[in-house]
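> Okay, handing you the structure first.
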Amino acid sequence: MSFRVVLVVLLSMVLNSSVYAQKTPSLISINGENKSIKELLLEIEQQTSYRFYFANEWLTDKTISTSFNNKRIEEILNVVFEGTSINFYIDSNKRIILTQNSTIYTKLPEGFFTDTLKNNEPALSVAPIFLEKSTTSRTARIETVRIGRENLSARTKEFTLSGIVRNSKNDTPIPNLTIVVRKISRGTVTNSNGYYELKLPTGINLVETSLLGFENIKKNVVLYNSGSLNFTVDETFEELDEVVLEVDSFQNIEDTTTGSSKISSEESKNIPLVLGERDVLKIATTLPGVTTAGEGAAGFNVRGGKTDQNLILLNDAVVYNPSHFFGIFQALNPFAIKDVNIYKGSIPAEYGGRLSSVFDIRTKQPSNEKVKAELAIGPVTSNAVVEIPVVKNKAGLLIGGRGAYSNWILRSLDEDNLKNSEASFYDFIANYNHKIDEKNNLEATGYYSKDKFSITSDSLYSYSNRLASLKWNHTFNEKHHGSLSLHNSQYKFNIDFDGSINSNFSQNYQIDETELKLRMDYALNDTHALTYGVTGKLYSVLPGEISPQSANDLITPTVVPKEKGLEGAIFISDDIKVNEKLQLDVGLRYSFFAGLGPSSQRVYQEGVPRSDNTVINTEIFDNNEVFETYGGPEARVSARYLINDDLSIKASFNNTYQFIHTLSNNTTVSPIDTWKLSDSNIEPQQASQVSLGIYKNININAYEFSLEGFYKKQQNILDFKTGAQLLLNENVETEVLQGEGKSYGVEFLVRKNKGKLNGWLGYTYSRSLFKLDSEFNEERVNDGEFFPSNFDKPHDVSLVLNYKLSQRISLSSNFIYQTGRPVTFPVGNFTFGDGEFVLYSDRNKFRVPDYYRLDLGINFEGNHKKKKLFHSFWSLSIYNVLGRNNPYSVFFVTDNGEVKALQSSIFAVPVPSITYNIKF
Amino acid sequence: MHVNNTYSFFKSCIGCYSWVLILFLTMVSSCIEPFEGAVNSFEDVLVVNATITNEIKKQEVSLTRSFRFEEEVAPAEVNAEVVIRTEDGDQYIFEEVSPGKYESIIPFAAEINKEYSLTILTEGGSSYESSTMQLPVQETNIDDLYAERITNDDGIEGVGIFVDSFDATSNSNYYRHEYIETFKIIAPFWSPFDIVVTGEGVSTFSTAIILREREERTCYGSAPSKNIQVASTLALSEDRLTKYNVRFIEADNYILTHRYSVLVRQYVQSPAAFSYYETLRGLSQTSGNVFSEDQPGFLAGNIRSIENPRENVAGLFEVAAVDEKRIFFDYEDFFPNEAPPPYISDCIPFSPSTEGGLGERDLLNLIYDDAVRYYAPGLVVTNRCGDCTTLGSNVIPDFWIE
């Protein structure tokens with residue numbers, strides 16, 4: 001890129017001057033013996049008014065052994081640059097411009113302005129700044145090399161390129177490696193010494209190497225003369241894997257998936273966030289189609305789905321609660337996270353078990369070359385990540401830890417309820433990666449997060465996530481590779497209540513899941529690339545246990561019996577390149593669930609509302625006896641049609657099953673929401689979605705536009721009777737309502753990926769509606785009509801901008817506008833007994849005022865000196881600059897018989913924060 | 001970097017950050033404040049409150065309507081026909097004794113194993129019926145009702161009123177408590193005399209000191225419980241309430257100053273009625289957690305419209321077993337030799353101006369407004385300080401025991 005800019009500047013200089021304007025060529029005498037070229041040039045500058053323009057590294061250490069007497073400058077330079085790749089050009093102002101390889105033409109070639117430059121440019125880092133929905137295509141990564149010096153007088157059309165191909169690992173020559181230039185159908189094979197020779201035409205040649213088991217290298221060779229080009233080739237297949245992934249999944253135009261995006265953690269640091277925490281999950285909510293119920297609301301609502309419908313994976317293992325402190329912080333160490341891929345439209349067939357989306361979070365690959373570390377010190381949290389090579393070039397270990405000292409924040413809060421409360425959290429992560437040999441690779445991840453908080457003085461809540469995953473990647477051959485992985489995840493919470501005379505208790509909940517997954521990739525031929533596999537997951541849930549704190553307490557120790565279930569799936573998908581324009585990704589997944597004993601399942605009378613009084617039978621099942629099975633096929637189909645290189649349309653259809661549900665009668669996610677497996681009385685949730693989108697890039701991918709529409713239907717969505725008791729309820733089906741959901745919307749996104757100013761603007765219009773109907777009054781909500789869900793926010797605008805003031809200072813801003821979320825308002829008072837109570841409206845009939853917020857941030861990077869101890873940067877941000885008091889909820893309380901309308905907001909004033917980060 | 005020198009390098013950088021001055025200022029404000037938005041919609045619904053008990057008495061049913069927030073009083077549903085029926089054809093007809101208050105014409109008690117239902121025909125011609133309800137247990141007993149000086153969870157000192165109850169058959173399980181408290185009030189700045197205006201002209205006026213005509217020194221204030229109190233013993237190993245706190249009075253509450261009495265009524269409810277009350281209570285309280293809010297919504301009881309099944313009807317018809325107990329105590333019983341709580345308001349005798357022309361004399365205007373009472377020559381007090389009838393009744397309650 002910069003190369004071309006320079007060229008254009010030079011050309012314009014040339015055009016402004018007349019060719020060979022020197023009228024009386026001055027003659028120079030100079031002794032060049034035992035001088036380097038540079039020394040000689042400097043001496044010429046001293047003697048004459050000629051000025052040289054060049055880059056130091058172009059000049060070799062070659063010394064001159066000639067003296068010049070009364071020679072013209074051209075003659076001297078011709079001798080000096082003999083045998084180097086330097087060309088020179090002398091303009092009318094006695095400026096001498098040296099160029100490497102290229103000759104400066106005094107005329108533009110014919111058709112320069114009419115033909116688009118088709119040559120492949122060197123790949124410079126033009127990746128989007130913080131949100132990477134990669135714009136790199138296969139060809140953009142290709143390095144360009146220039147061979148020889150251009151010679152204007154040379155009339156030969158072909159030159160010889162030769163060189164040696166070596167293995168990057170041990171520098172041994174690689175024999176039998178094919179080197180081809182497809183365009184002219186010319187090729188050769190390296191001999192036993194890795195040597196090759198190839199005759200090629202002048203100009204640009206795309207040279208490709210290929211050998212089974214080795215990385216395929218492509219280089220644009222700009223051939224000016226005969227010369228040598230040596231290759232070093234990597235053996236690893238992973239690199240290939242990555243390339244495939246990027247090209248297949250993230251090329252916004254070419255990729256077949258709809259509704260997918262990728263957020264890179266490192267690049268997210270430029271977005272201002274509350275309390276100085278980098279947070280890829282927060283950024284996800286600025287993308288169209290992903291929302292939260294409000295500030296401080298944990299959980300995501302993806303395209304009108306409930307918060308329990310997202311499969312959140314950390315290196316393939318499920319994270320049940322990816323947030324700390326009610327969703328204000330993500331529970332993932334931002335330094336340990338590489339990126340997150342979000343699938344909200346077409347979900348790949350290998351994923352299942354949740355209706356709405358997949359958040360595939362990957363940790364960084366630990367460095368196996370050198371020790372690296374990152375530290376951040378913020379007002380609330382601090383964290384550190386260290387990468388340690390365990391076996392040089394083979395194995396690396398990443399360890400991260402993070403902790404919060406948020407108790408002091410709570411004490412400074414305005415809210416009395418929170419003043420006396422406490423909140424602290426921490427999380428740890430470790431990732432080990434071992435390259436066993438060329439074909440085998442082992443990866444292990446461990447993660448633990450814990451939160452502790454008390455909102456009232458008499459109860460202490462805590463919750464924790466724990467996960468471990470082990471993955472073995474194996475390559476069978478060039479076409480066939482796969483991975484076998486084992487994951488275990490656990491989520492649990494605990495409530496300790498100690499505030500009464502004789503009813504103090506300790507209450508627990510725990511869910512465990514262990515999954516074994518085999519995933520294979522088979523590149524059948526140029527047209528078909530298959531992915532297939534099988535997965536099995538065993539759930540074990542301890543739905544609740546309560547025990548007295550001491551002997552005085554009259555609490556009966558109660559244990560809601562354990563639940564067990566087996567979830568399995570087989571999947572296959574085929575990425576079919578029908579032709580250059582049409583590509584299909586056809587996937588099929590069959591999901592299966594079996595409820596396992598020991599269990600007692602109630603049978604309720606048909607035709608009456610379920611209650612303790614309508615049980616007609618209770619069936620008892622032995623250990624591991626299957627008491628209920630559910631299952632069905634899931635289609636995962638998407639298609640892409642390229643209208644031209646930068647315009648495509650895509651469509652997808654998919655349907656999903658979900659066998660595990662959260663029980664929550666809160667309007668937002670609460671850490672003490674429990675997960676419940678489907679059983680005889682609670683059916684799996686189902687969803688099906690169609691999306692259609694159009695994608696357009698303009699200005700060589702500088703701007704990306706996308707417009708996507710979706711329509712989604714859901715069945716058996718869980719809701720609850722008003723005021724349902726869910727904790728420790730052994731027969732929760734008597735409180736559960738299962739209904740329908742539908743959502744639809746249009747998502748528009750424009751991203752600018754290049755330049756000093758970059759960012760994106762997203763706008764979504766969408767609706768999310770639920771319907772809870774029944775023949776019985778008590779099981780009906782809003783008369784059985786569709787009503788807006790708690791997170792139905794029709795208009796949603798996000799504008800994220802980042803401006804690079806200089807190499808070291810960047811400004812960023814983040815603006816969000818959303819329609820206020822639906823709430824249920826009181827529609828009057830009534831007296832009952834001696835108290836006065838609030839009469840509530842139909843569910844979600846009203847809305848809180850619209851939400852908007854502006855955040856600003858500035859990042860100061862430390863100096864970019866190459867040799868320094870560590871790299872540091874400061875980030876300053878102000879959250880909610882406008883001080884907008886966004887009501888999070890409006891609620892009404894009856895206090896001493898009087899009704900009061902109150903609104904709560906989480907961050908009602910601008911919140912500044914400073915974070916100091918160092919990296920080495 | 002080589003593995004061996006890793007650690008020293010790392011250590012040196014730990015050192016680096018220790019000198020870093022961490023400068024931060026964070027003001028997080030999570031606030032709960034009155035909501036200013038307009039809530040325009042008002043829904044006019046019938047509210048039924050009918051608790052039939054196992055006491056032989058004229059049972060009561062109250063019918064009101066919902067009302068707007070800016071209004072104070074629930075409008076009564078008048079001239080309705082209210083009937084309670086049993087499954088075997090008994091009918092108890094109710095008559096309106098005051099607007100919206102209906103009493104059974106004949107006294108009766110709910111009996112065990114009988115199904116009762118309520119029907120209502122309003123003046124406007126709408127008819128409603130309840131689902132059938134039964135008396136959950138034959139009877140219930142408050143084993144003990146007592147008061148103790150305690151410090152509550154918030155560290156505030158005061159008097160707690162406690163209930164002990166035990167059902168050996170373990171059939172009761174769902175309890176609800178109500179109380180009515182009655183307390184003696186002695187006006188601290190009472191005088192036997194009062195001041196009246198006998199004449200007022202443009203430049204002259206006259207007042208007279210007279211003996212008060214009614215008891216205004218000692219009165220009895222009374223207040224019912226306003227919050228719902230329900231408790232279930234299902235999670236306990238026995239059907240027992242031990243030291244169950246039905247009321248906490250802070251030590252500086254003036255109602256404790258002299259003598260205090262409380263009548264506690266204990267209801268044993270059906271599960272459905274208990275759940276209604278519990279949900280209603282839940283809907284009217286904050287969860288104590290600004291981050292998660294319970295889903296509110298219209299709470300349907302067990303009464304529905306016959307003509308329009310979609311019409312919302314609030315309230316409940318229930319049949320409950322009841323027991324009641326009363327206790328008395330004096331302030332000295334729990335706070336011997338301690339200063340009594342301050343009076344409900346500050347009382348400072350003052351002498352309002354008598355200057356000015358007709359209608360401008362402060363004292364006279366205050367007397368006309370019945371805002372002051374005579375205290376001593378030239379001094380008056382606000383009537384709350386000199387006349388207890390502003391706070392209670394000057395009639396000694398029937399049950400009162402000194």
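Residue numbers start at 1 in each chain; chains themselves are named A, B, ... in the order of the structure tokens; ligands are numbered from 1 in the order shown.
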Pick out each residue of range 344-577 of chain A that DSSP on the backbone tags as alpha helix (DSSP H); I need them as number ranges by chain.

A: 407-411, 416-419

> DSSP says strand (DSSP E) for which residues of range 248-474 of chain A? Put them as a ChimeraX atom specification?

/A:260-264,290-291,301-302,310-314,317-318,323-324,329-330,337-343,357-363,372-377,381-391,395-404,422-435,440-454,459-474

> Can you list, as an MDAnalysis selection string, every protein, DNA or RNA residue that comes within 6 Å of range 594-597 of chain A when you count only C-alpha atoms, leaving out same-chain residues fewer than 5 positions away?

chainID A and resid 564:566 621:629

> Any idea what's packed within 8 Å of range 73-90 of chain B, counting only C-alpha atoms, ignoring anything in its chain fewer than 3 positions away? Could you give it as a PyMOL selection string?

(chain A and resi 830-831) or (chain B and resi 46+63-67+93-96+99-100+102+114-123)

> Could you tell me which of A:Gly396, A:Val881, A:Gln549, A:Gly305 comes closest to Leu718 in chain A if we count only C-alpha atoms?

A:Gly305

> May I have the residues within 8 Å of Gly345 in chain A as a list in words, using only C-alpha atoms and disregarding those fewer than 4 positions away in the same chain?

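Near Gly345 in chain A, the qualifying residues are Thr257, Thr258, Gly259, Ser260, Ser357, Ser652, Gln689, Val690, Ser691 and Phe710 of chain A.
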
> Please dump the current selection as an mmCIF file, in the first residue's frame; keep C-alpha atoms.


data_model
loop_
_atom_site.group_PDB
_atom_site.id
_atom_site.type_symbol
_atom_site.label_atom_id
_atom_site.label_comp_id
_atom_site.auth_asym_id
_atom_site.auth_seq_id
_atom_site.Cartn_x
_atom_site.Cartn_y
_atom_site.Cartn_z
ATOM 1 C CA THR A 257 -22.619 -18.562 6.890
ATOM 2 C CA THR A 258 -25.125 -15.881 7.706
ATOM 3 C CA GLY A 259 -25.072 -13.972 10.944
ATOM 4 C CA SER A 260 -21.589 -14.750 12.118
ATOM 5 C CA SER A 357 -26.371 -18.827 19.202
ATOM 6 C CA SER A 652 -29.704 -20.022 5.542
ATOM 7 C CA GLN A 689 -34.711 -19.777 11.752
ATOM 8 C CA VAL A 690 -34.411 -18.519 8.214
ATOM 9 C CA SER A 691 -32.079 -15.683 7.290
ATOM 10 C CA PHE A 710 -34.243 -13.196 9.887
#

> Point out the residue among B:Val202, B:Ala223, B:Leu263, B:Cys385 with the least atom-to-atom distance to Trp400 in chain B, counting only C-alpha atoms.

B:Leu263
